[in-house]
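coords.cif, holding mmCIF, C-alpha atoms and all ligand atoms:
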data_model
#
loop_
_atom_site.label_atom_id
_atom_site.label_comp_id
_atom_site.auth_asym_id
_atom_site.auth_seq_id
_atom_site.Cartn_x
_atom_site.Cartn_y
_atom_site.Cartn_z
CA MET A 130 -49.21 -80.47 -92.63
CA GLY A 131 -48.42 -82.80 -95.56
CA LYS A 132 -46.41 -85.95 -95.03
CA LEU A 133 -43.13 -85.44 -93.23
CA ILE A 134 -40.05 -87.41 -94.28
CA VAL A 135 -37.29 -87.17 -91.70
CA ALA A 136 -33.87 -88.51 -92.66
CA ASN A 137 -31.91 -89.51 -89.57
CA TRP A 138 -28.35 -89.95 -90.79
CA LYS A 139 -27.23 -91.07 -87.32
CA MET A 140 -23.43 -91.60 -87.35
CA TYR A 141 -23.47 -93.26 -90.76
CA LEU A 142 -22.06 -90.36 -92.79
CA THR A 143 -19.02 -88.11 -92.41
CA ALA A 144 -19.54 -84.36 -92.85
CA SER A 145 -18.27 -84.42 -96.42
CA ALA A 146 -20.48 -87.38 -97.36
CA SER A 147 -23.46 -85.58 -95.76
CA VAL A 148 -22.81 -82.49 -97.87
CA LYS A 149 -22.57 -84.56 -101.06
CA LEU A 150 -25.83 -86.34 -100.32
CA ALA A 151 -27.60 -83.08 -99.44
CA GLN A 152 -26.37 -81.53 -102.70
CA ARG A 153 -28.04 -84.33 -104.64
CA ILE A 154 -31.22 -84.30 -102.57
CA VAL A 155 -31.86 -80.57 -103.11
CA LYS A 156 -32.06 -81.28 -106.82
CA THR A 157 -34.86 -83.85 -106.49
CA LYS A 158 -38.53 -82.97 -106.61
CA ALA A 159 -39.92 -84.00 -103.24
CA LYS A 160 -43.66 -84.47 -102.79
CA SER A 161 -43.40 -84.33 -99.01
CA GLN A 162 -41.75 -82.05 -96.50
CA VAL A 163 -38.20 -83.37 -96.13
CA VAL A 164 -36.10 -82.84 -93.00
CA LEU A 165 -32.41 -83.79 -93.00
CA CYS A 166 -30.81 -84.65 -89.65
CA PRO A 167 -27.05 -84.89 -90.20
CA SER A 168 -24.52 -85.27 -87.39
CA PHE A 169 -23.70 -82.14 -85.40
CA VAL A 170 -20.41 -81.58 -87.26
CA ALA A 171 -22.21 -81.61 -90.61
CA LEU A 172 -25.08 -79.31 -89.61
CA ALA A 173 -23.49 -76.01 -90.68
CA ASP A 174 -22.39 -77.28 -94.09
CA VAL A 175 -25.68 -79.03 -94.81
CA ALA A 176 -27.52 -75.86 -93.70
CA GLU A 177 -25.68 -73.96 -96.42
CA VAL A 178 -26.53 -76.55 -99.07
CA ILE A 179 -30.27 -76.57 -98.32
CA GLU A 180 -30.56 -72.84 -97.59
CA LYS A 181 -32.52 -71.91 -100.70
CA SER A 182 -34.51 -75.14 -100.94
CA LYS A 183 -37.70 -76.30 -99.21
CA ILE A 184 -35.78 -78.89 -97.23
CA LYS A 185 -35.58 -78.28 -93.51
CA LEU A 186 -32.78 -78.94 -91.06
CA GLY A 187 -33.03 -81.21 -88.03
CA ALA A 188 -30.65 -82.22 -85.25
CA GLN A 189 -30.30 -85.68 -83.76
CA ASP A 190 -30.08 -84.61 -80.13
CA ILE A 191 -29.72 -81.61 -77.82
CA PHE A 192 -28.29 -80.59 -74.46
CA CYS A 193 -30.92 -80.82 -71.73
CA CYS A 194 -30.70 -77.29 -70.28
CA ASP A 195 -31.43 -73.90 -71.70
CA ALA A 196 -28.08 -72.51 -70.59
CA ARG A 197 -24.65 -71.84 -72.02
CA GLY A 198 -21.57 -72.57 -69.99
CA ALA A 199 -19.24 -75.23 -68.72
CA TYR A 200 -20.79 -78.35 -70.29
CA THR A 201 -17.93 -80.10 -72.05
CA GLY A 202 -18.90 -81.89 -75.20
CA GLU A 203 -22.50 -80.65 -75.33
CA ILE A 204 -24.38 -78.77 -78.06
CA GLY A 205 -26.90 -76.17 -76.97
CA LEU A 206 -30.14 -74.97 -78.46
CA ASP A 207 -28.60 -71.59 -79.34
CA ASP A 208 -26.03 -73.36 -81.50
CA LEU A 209 -28.79 -75.13 -83.38
CA LYS A 210 -30.89 -71.99 -83.72
CA GLU A 211 -27.99 -70.12 -85.27
CA LEU A 212 -27.79 -72.79 -87.95
CA GLY A 213 -31.49 -72.67 -88.72
CA VAL A 214 -32.43 -76.02 -87.18
CA GLU A 215 -36.22 -76.43 -87.09
CA TYR A 216 -36.60 -79.97 -85.73
CA VAL A 217 -34.79 -81.89 -83.00
CA LEU A 218 -35.03 -85.61 -82.32
CA VAL A 219 -35.40 -86.36 -78.63
CA GLY A 220 -35.38 -89.74 -76.93
CA HIS A 221 -34.26 -91.83 -79.89
CA SER A 222 -34.00 -95.45 -78.73
CA GLU A 223 -30.27 -95.42 -79.48
CA ARG A 224 -29.83 -92.46 -77.09
CA ARG A 225 -31.94 -94.23 -74.48
CA ARG A 226 -30.02 -97.49 -74.90
CA TYR A 227 -26.39 -96.48 -75.39
CA PHE A 228 -26.39 -93.23 -73.42
CA LYS A 229 -28.86 -94.28 -70.74
CA GLU A 230 -31.25 -91.40 -71.39
CA SER A 231 -34.17 -91.68 -69.00
CA ASP A 232 -37.74 -90.56 -69.60
CA GLU A 233 -37.02 -87.62 -67.28
CA LEU A 234 -34.03 -86.48 -69.33
CA VAL A 235 -35.99 -86.89 -72.56
CA ASN A 236 -38.77 -84.77 -71.07
CA GLN A 237 -36.25 -82.09 -70.05
CA LYS A 238 -34.79 -81.99 -73.57
CA LEU A 239 -38.22 -81.85 -75.16
CA LYS A 240 -39.17 -78.87 -73.00
CA VAL A 241 -35.96 -77.01 -73.84
CA VAL A 242 -36.73 -77.48 -77.53
CA LEU A 243 -40.30 -76.25 -77.10
CA LYS A 244 -39.20 -73.23 -75.11
CA ASN A 245 -37.03 -72.23 -78.05
CA ARG A 246 -39.82 -72.48 -80.58
CA ILE A 247 -38.27 -75.41 -82.43
CA ARG A 248 -40.22 -78.63 -83.06
CA PRO A 249 -39.22 -81.70 -81.06
CA ILE A 250 -39.69 -85.15 -82.56
CA LEU A 251 -40.31 -87.37 -79.55
CA CYS A 252 -39.20 -90.92 -80.36
CA VAL A 253 -40.94 -93.82 -78.66
CA GLY A 254 -40.86 -97.55 -79.26
CA GLU A 255 -41.09 -100.85 -77.44
CA PRO A 256 -38.42 -103.55 -77.18
CA LEU A 257 -39.09 -107.00 -78.61
CA LYS A 258 -39.82 -108.56 -75.21
CA VAL A 259 -42.61 -106.06 -74.59
CA ARG A 260 -44.14 -106.74 -78.01
CA GLN A 261 -43.91 -110.50 -77.45
CA ALA A 262 -45.71 -110.08 -74.13
CA LYS A 263 -48.36 -108.01 -75.97
CA LYS A 264 -47.77 -105.12 -73.57
CA GLU A 265 -46.73 -102.58 -76.21
CA LYS A 266 -49.78 -100.34 -75.86
CA SER A 267 -49.33 -99.61 -72.18
CA TYR A 268 -45.54 -99.32 -72.65
CA ILE A 269 -45.87 -96.71 -75.39
CA ARG A 270 -48.57 -94.83 -73.51
CA ALA A 271 -46.30 -94.57 -70.45
CA GLN A 272 -43.35 -93.43 -72.59
CA ILE A 273 -45.43 -90.68 -74.18
CA LYS A 274 -46.94 -89.54 -70.89
CA ALA A 275 -43.46 -89.28 -69.36
CA GLY A 276 -41.97 -87.59 -72.41
CA LEU A 277 -44.74 -85.00 -72.54
CA LYS A 278 -45.02 -84.37 -68.81
CA GLY A 279 -45.76 -80.70 -68.11
CA VAL A 280 -46.23 -79.78 -71.79
CA THR A 281 -49.07 -77.31 -72.31
CA LYS A 282 -51.83 -77.85 -74.87
CA LYS A 283 -50.48 -74.93 -76.85
CA ASP A 284 -46.96 -76.35 -76.97
CA LEU A 285 -48.26 -79.80 -77.83
CA LYS A 286 -49.22 -78.41 -81.23
CA ARG A 287 -45.53 -78.20 -82.12
CA VAL A 288 -44.67 -81.74 -81.00
CA VAL A 289 -44.19 -84.57 -83.50
CA ILE A 290 -44.12 -88.16 -82.24
CA ALA A 291 -42.14 -90.88 -84.00
CA TYR A 292 -43.21 -94.45 -83.31
CA GLU A 293 -40.19 -96.67 -83.86
CA PRO A 294 -40.48 -100.19 -82.44
CA ILE A 295 -36.94 -100.98 -81.32
CA TRP A 296 -37.02 -104.46 -82.88
CA ALA A 297 -37.87 -102.91 -86.25
CA ILE A 298 -34.82 -100.64 -86.50
CA SER A 299 -32.37 -101.80 -89.16
CA GLY A 300 -29.34 -101.11 -86.95
CA ASN A 301 -30.74 -103.77 -84.58
CA LYS A 302 -31.00 -106.17 -87.53
CA GLY A 303 -34.70 -105.51 -87.39
CA HIS A 304 -37.47 -105.83 -89.92
CA ALA A 305 -40.20 -103.32 -90.57
CA ASP A 306 -43.49 -103.49 -88.69
CA LYS A 307 -46.58 -104.35 -90.72
CA PRO A 308 -48.19 -101.10 -91.93
CA ASP A 309 -51.56 -102.25 -90.49
CA ASP A 310 -50.05 -102.89 -87.07
CA ALA A 311 -48.18 -99.59 -87.15
CA ALA A 312 -51.43 -97.82 -88.09
CA LYS A 313 -53.17 -99.43 -85.10
CA MET A 314 -50.42 -98.20 -82.81
CA HIS A 315 -50.66 -94.72 -84.31
CA ALA A 316 -54.39 -94.67 -83.54
CA HIS A 317 -53.58 -95.74 -79.99
CA ILE A 318 -50.91 -93.04 -79.62
CA ARG A 319 -53.31 -90.42 -80.92
CA LYS A 320 -55.63 -91.13 -77.96
CA THR A 321 -52.83 -89.97 -75.64
CA ALA A 322 -51.41 -87.17 -77.78
CA ASN A 323 -53.10 -85.74 -80.84
CA THR A 324 -49.96 -84.79 -82.74
CA PRO A 325 -48.51 -85.71 -86.14
CA ILE A 326 -47.12 -89.25 -85.81
CA LEU A 327 -44.31 -90.71 -87.91
CA TYR A 328 -43.42 -94.35 -88.34
CA GLY A 329 -39.79 -95.47 -88.24
CA GLY A 330 -37.98 -98.80 -88.44
CA SER A 331 -36.48 -100.37 -91.59
CA VAL A 332 -38.35 -98.06 -93.95
CA ASN A 333 -37.01 -98.24 -97.51
CA SER A 334 -38.09 -97.30 -101.01
CA LYS A 335 -40.03 -100.54 -101.35
CA ASN A 336 -42.19 -100.33 -98.24
CA ALA A 337 -42.40 -96.53 -97.75
CA LYS A 338 -45.57 -96.13 -99.77
CA SER A 339 -47.49 -98.76 -97.82
CA PHE A 340 -46.68 -96.91 -94.60
CA LEU A 341 -47.51 -93.49 -96.04
CA GLN A 342 -50.87 -94.78 -97.23
CA ALA A 343 -51.80 -96.44 -93.95
CA PRO A 344 -54.38 -94.46 -91.93
CA GLY A 345 -52.99 -92.06 -89.39
CA ILE A 346 -49.34 -92.33 -90.47
CA ASP A 347 -48.25 -88.75 -91.05
CA GLY A 348 -44.74 -89.43 -92.23
CA LEU A 349 -41.58 -91.44 -91.80
CA LEU A 350 -38.40 -91.35 -89.76
CA ILE A 351 -35.79 -93.12 -91.85
CA GLY A 352 -32.29 -94.15 -90.81
CA LYS A 353 -30.09 -96.38 -92.96
CA ALA A 354 -32.05 -96.10 -96.22
CA SER A 355 -32.00 -92.30 -95.98
CA THR A 356 -28.20 -92.31 -96.27
CA LYS A 357 -28.41 -93.63 -99.84
CA PHE A 358 -29.37 -91.17 -102.54
CA SER A 359 -31.26 -93.71 -104.66
CA GLU A 360 -33.41 -94.75 -101.68
CA LEU A 361 -34.09 -91.32 -100.21
CA SER A 362 -34.87 -89.71 -103.55
CA LYS A 363 -37.36 -92.48 -104.42
CA ILE A 364 -39.07 -92.17 -101.03
CA CYS A 365 -39.29 -88.38 -101.24
CA SER A 366 -40.74 -88.39 -104.72
CA GLN A 367 -43.45 -90.90 -103.90
CA GLN A 368 -47.01 -89.70 -103.99
CA SER A 369 -48.62 -90.69 -100.73
P1 LIG B 401 -33.70 -97.45 -89.73
O1 LIG B 401 -33.61 -96.45 -88.50
O2 LIG B 401 -34.53 -96.80 -90.80
O3 LIG B 401 -32.30 -97.68 -90.14
O4 LIG B 401 -34.37 -98.70 -89.24
C1 LIG B 401 -34.70 -95.67 -88.13
C2 LIG B 401 -34.35 -94.87 -86.90
O5 LIG B 401 -33.78 -95.45 -85.96
O6 LIG B 401 -34.60 -93.67 -86.85
#
Rewrite the structure from the file as structure tokens, please.
Amino acid sequence: MGKLIVANWKMYLTASASVKLAQRIVKTKAKSQVVLCPSFVALADVAEVIEKSKIKLGAQDIFCCDARGAYTGEIGLDDLKELGVEYVLVGHSERRRYFKESDELVNQKLKVVLKNRIRPILCVGEPLKVRQAKKEKSYIRAQIKAGLKGVTKKDLKRVVIAYEPIWAISGNKGHADKPDDAAKMHAHIRKTANTPILYGGSVNSKNAKSFLQAPGIDGLLIGKASTKFSELSKICSQQS
């Protein structure tokens, strides 16, 4: 797999703004595999825009069970499959923090995604206190072990891990990790799970290249900067 650039539009953009941005992105020449993750309400329209392009569709979350039925407010895997979703973020730190998603729930979601032959992007990352106490390695290892509990070796091949230190995320007024430090963490993660590993946290057009060139960084998960055409197009067209 080449480098993977995943744009997590979070709740930054309305559906119409998502469509407009996707329309501009399909016209750019990307040197990496680009995945757009708009909000649920924008998925169908963005799917139409990118249909004939090489860009892939991702979702930001998923219901935890492989069942349809009386689950008010939820979005099931079948809904995503119908729209051509190929990637699903699970366990983003904002889901863990604001919606109290536990490691167990994240693991359940990840397994539902795998069962449906879609690729989960398991998000992990330590809070600032853990980093300050220099306990980030064991913290991340435990998060990955819990997130991947019960996943077979065969299924592991379809998992992508995104390392996003919580203190580095722009929405938390964070600042990007140092590419060298992120690369060290990626090497550590790889000892637990040998999967593609993305870096996320305040990535922008200025620092993207240094992350993409760091050893063992297979791509980027980008939030805020990915909602701006000038930023995302520059990042996608960079030669890594
Ligand atoms: P950011 O978000 O690029 O805005 O820091 C990354 C993420 O949370 O996925």
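Using all atoms listed in the file for every distance, the candidate list A:Ile269, A:Ile154, A:Leu350, A:Leu361 yields A:Leu350 as the residue closest to ligand LIG 401 (chain B).
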## Note on the structure
Counting all atoms listed in the file, closest pick from A:Arg226, A:Arg153, A:Lys132, A:Lys283 relative to ligand LIG 401 (chain B) is A:Arg226
Per residue of chain A within 7 Å of ligand LIG 401 (chain B), which atom pair is closest and at what distance in Å (one decimal), using only C-alpha atoms and all ligand atoms, listed by chain and increasing number, as a Markdown table?
| residue | atom | partner | partner_atom | distance |
| --- | --- | --- | --- | --- |
| A:Asn137 | CA | B:LIG401 | O6 | 5.7 |
| A:Glu293 | CA | B:LIG401 | C2 | 6.8 |
| A:Ala297 | CA | B:LIG401 | O4 | 6.2 |
| A:Ile298 | CA | B:LIG401 | O4 | 3.4 |
| A:Ser299 | CA | B:LIG401 | O4 | 3.7 |
| A:Gly300 | CA | B:LIG401 | O3 | 5.5 |
| A:Gly329 | CA | B:LIG401 | C1 | 5.1 |
| A:Gly330 | CA | B:LIG401 | O4 | 3.7 |
| A:Ser331 | CA | B:LIG401 | O4 | 3.6 |
| A:Val332 | CA | B:LIG401 | O2 | 5.1 |
| A:Leu350 | CA | B:LIG401 | O6 | 5.3 |
| A:Ile351 | CA | B:LIG401 | O2 | 4.0 |
| A:Gly352 | CA | B:LIG401 | O2 | 3.5 |
| A:Lys353 | CA | B:LIG401 | O3 | 3.8 |
| A:Ala354 | CA | B:LIG401 | O2 | 6.0 |
Write the residues you've just listed into a file as a short mmCIF file (atom, residue, chain, number, x, y, z; two decimals), keeping the file's coordinate frame, and include C-alpha atoms for each of them.
data_model
loop_
_atom_site.label_atom_id
_atom_site.label_comp_id
_atom_site.auth_asym_id
_atom_site.auth_seq_id
_atom_site.Cartn_x
_atom_site.Cartn_y
_atom_site.Cartn_z
CA ASN A 137 -31.91 -89.51 -89.57
CA GLU A 293 -40.19 -96.67 -83.86
CA ALA A 297 -37.87 -102.91 -86.25
CA ILE A 298 -34.82 -100.64 -86.50
CA SER A 299 -32.37 -101.80 -89.16
CA GLY A 300 -29.34 -101.11 -86.95
CA GLY A 329 -39.79 -95.47 -88.24
CA GLY A 330 -37.98 -98.80 -88.44
CA SER A 331 -36.48 -100.37 -91.59
CA VAL A 332 -38.35 -98.06 -93.95
CA LEU A 350 -38.40 -91.35 -89.76
CA ILE A 351 -35.79 -93.12 -91.85
CA GLY A 352 -32.29 -94.15 -90.81
CA LYS A 353 -30.09 -96.38 -92.96
CA ALA A 354 -32.05 -96.10 -96.22
#
### Top pick for closest residue to A:Val288, considering A:Asn323, A:Gln152, A:Ser362, A:Asn301 and counting all atoms listed in the file
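Nearest candidate to A:Val288 out of A:Asn323, A:Gln152, A:Ser362, A:Asn301: A:Asn323.
Across the structure, atom CA of A:Lys139 and atom CA of A:Gln342 are spaced 25.9 Å apart.
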#### Entry: Spatial neighbours of stretch 163-171 of chain A, 8 Å, all atoms listed in the file, chain gap at least 3 places, as an MDAnalysis selection string
chainID A and resid 133:140 142:145 147:148 159 174:175 183:189 216 365
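Proximity ranking of A:Ala176, A:Ile295, A:Leu277, A:Val242 relative to A:Asp207 places A:Val242 first, based on all atoms listed in the file.
Nearest-residue note for A:Ser222: choosing from A:Leu243, A:Cys252, A:Ala337, A:Val155, the minimum distance belongs to A:Cys252, counting only C-alpha atoms.
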### Task
For each of A:Ile250, A:Cys194, A:Ala322, A:Leu172, take the minimum atom-to-atom distance to A:Gly213, counting all atoms listed in the file, then give the residue where this is smallest.
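Between A:Ile250, A:Cys194, A:Ala322, A:Leu172, the residue approaching A:Gly213 most closely is A:Leu172.
Coordinates place atom CA of A:Lys307 at a distance of 17.2 Å from atom CA of A:Lys264.
Interatomic distance, atom CA of A:Lys313 against atom CA of A:Tyr227: 28.6 Å.
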